[in-house]
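Working notes for the structure below.
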Amino acid sequence: MVSVLLLNGPNLNLLGKREPDVYGRETLDDVLARLEKVMEELGGRLEHCQSNHEGVLIDAIHRAKGVHDGIVINPGAFTHYSYALRDALAGVALPAIEVHISNVHAREPFRHQSVIAPVVLGQVVGLGTDGYEWALRALVRKLTRG
């Protein structure tokens with residue numbers, strides 16, 4: 001059974017309420033319920049952690065080693081400057097995919113840079129909350145098919 005850790009960074013607890021024209025009206029609970037069904041379909045297990053605090057996310061990444069097979073992460077604003085998250089992901093060396101709900105490359109220039117991108121398998125960007133599902137499916141496929 002494949003086990004995936006889903007991490008969501010700062011302000012994603014406000015999903016559905018914060019800037020719905022950018023991030024949509026679906027709540028984080030809605031997304032999680034959908035992803036649980038996807039993992040059930042794929043025969044896997046999903047654990048979720050959302051935090052507005054960098055250290056909590058780093059601790060979750062550290063605990064993932066030996067427990068989970070991979071990570072799907074939406075680092076939120078930490079994407080652009082958290083070398084600590086980047087180093088944690090590199091340190092545990094688990095396959096990971098980065099997700100962004102909006103197209104960060106079509107937004108403010110500071111959002112164009114990801115310090116996370118060099119240590120993940122890939123990114124899913126700009127597909128709304130559906131991007132989580134595509135990232136999860138791609139990661140599970142990579143983990144089970146090599």
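Letters A, B, ... mark the chains of the structure tokens in the order given; residue numbers begin at 1 per chain; ligand numbers begin at 1, in order shown.
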Practice prompt. Report the residues of chain A whose backbone DSSP state falls under helix (DSSP H, G or I), written as a ChimeraX atom specification.
Written response: /A:12-14,20-23,28-42,54-64,76-80,83-92,104-106,109-112,117-119,130-145
Discussion item. Residues within 7 Å of segment 112-129 of chain A, please, as a ChimeraX atom specification. Count only C-alpha atoms; anything in the same chain fewer than 6 positions from it doesn't count.
Written reply: /A:23,31,79-83,86,89-90,95-105,135
Worksheet entry | Nearest residue to Leu12 of chain A from the set A:Arg34, A:Arg145, A:His53, A:Arg45 (distances using only C-alpha atoms) |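 Going through A:Arg34, A:Arg145, A:His53, A:Arg45 one by one, the smallest distance to Leu12 of chain A is for A:His53.
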Practice prompt. Give me the residues within 10 Å of Ile58 of chain A as a PyMOL selection string, counting only C-alpha atoms and dropping any in the same chain fewer than 3 places off.
Written response: chain A and resi 7+53-55+61-64+84-89
What does the file look like for those residues with C-alpha atoms, as a PDB file, in the first residue's frame?
```
ATOM      1  CA  LEU A   7       1.466  19.115   3.082  1.00  0.00           C
ATOM      2  CA  HIS A  53       4.311  27.614  10.683  1.00  0.00           C
ATOM      3  CA  GLU A  54       7.407  26.579   8.779  1.00  0.00           C
ATOM      4  CA  GLY A  55       8.827  24.421  11.579  1.00  0.00           C
ATOM      5  CA  ILE A  61       8.734  16.146   6.415  1.00  0.00           C
ATOM      6  CA  HIS A  62      11.315  14.692   8.804  1.00  0.00           C
ATOM      7  CA  ARG A  63       8.752  12.268  10.274  1.00  0.00           C
ATOM      8  CA  ALA A  64       7.755  11.144   6.762  1.00  0.00           C
ATOM      9  CA  ALA A  84      14.625  25.257   5.280  1.00  0.00           C
ATOM     10  CA  LEU A  85      11.681  23.454   3.600  1.00  0.00           C
ATOM     11  CA  ARG A  86      13.814  22.846   0.529  1.00  0.00           C
ATOM     12  CA  ASP A  87      16.588  21.345   2.648  1.00  0.00           C
ATOM     13  CA  ALA A  88      14.121  19.176   4.599  1.00  0.00           C
ATOM     14  CA  LEU A  89      12.730  17.743   1.354  1.00  0.00           C
TER      15      LEU A  89
END
```
Item to complete: Would you mind reading off the distance between atom CA of Ala93 of chain A and atom CA of Gly70 of chain A, one decimal, in Å?
Response: 9.0 Å
Practice prompt. As a list in words, please: all residues of chain A that backbone DSSP puts in strand (DSSP E or B).
Written response: Ser3, Val4, Leu5, Leu6, Leu7, Asn8, Arg45, Leu46, Glu47, His48, Cys49, Gln50, Gly70, Ile71, Val72, Ile73, Asn74, Ala96, Ile97, Glu98, Val99, His100, Gly122, Gln123, Val124 and Val125 of chain A
Discussion item. Using only C-alpha atoms, can you tell me which of A:Gly24, A:Gly43, A:Gly76, A:Gly131 comes closest to Asn8 of chain A?
Written reply: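 When distances to Asn8 of chain A are compared using only C-alpha atoms, the smallest one comes from A:Gly76.
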Practice prompt. Tell me, in Å to one decimal, how far atom CA of Val38 of chain A is from atom CA of Ile73 of chain A.
Written response: 16.5 Å
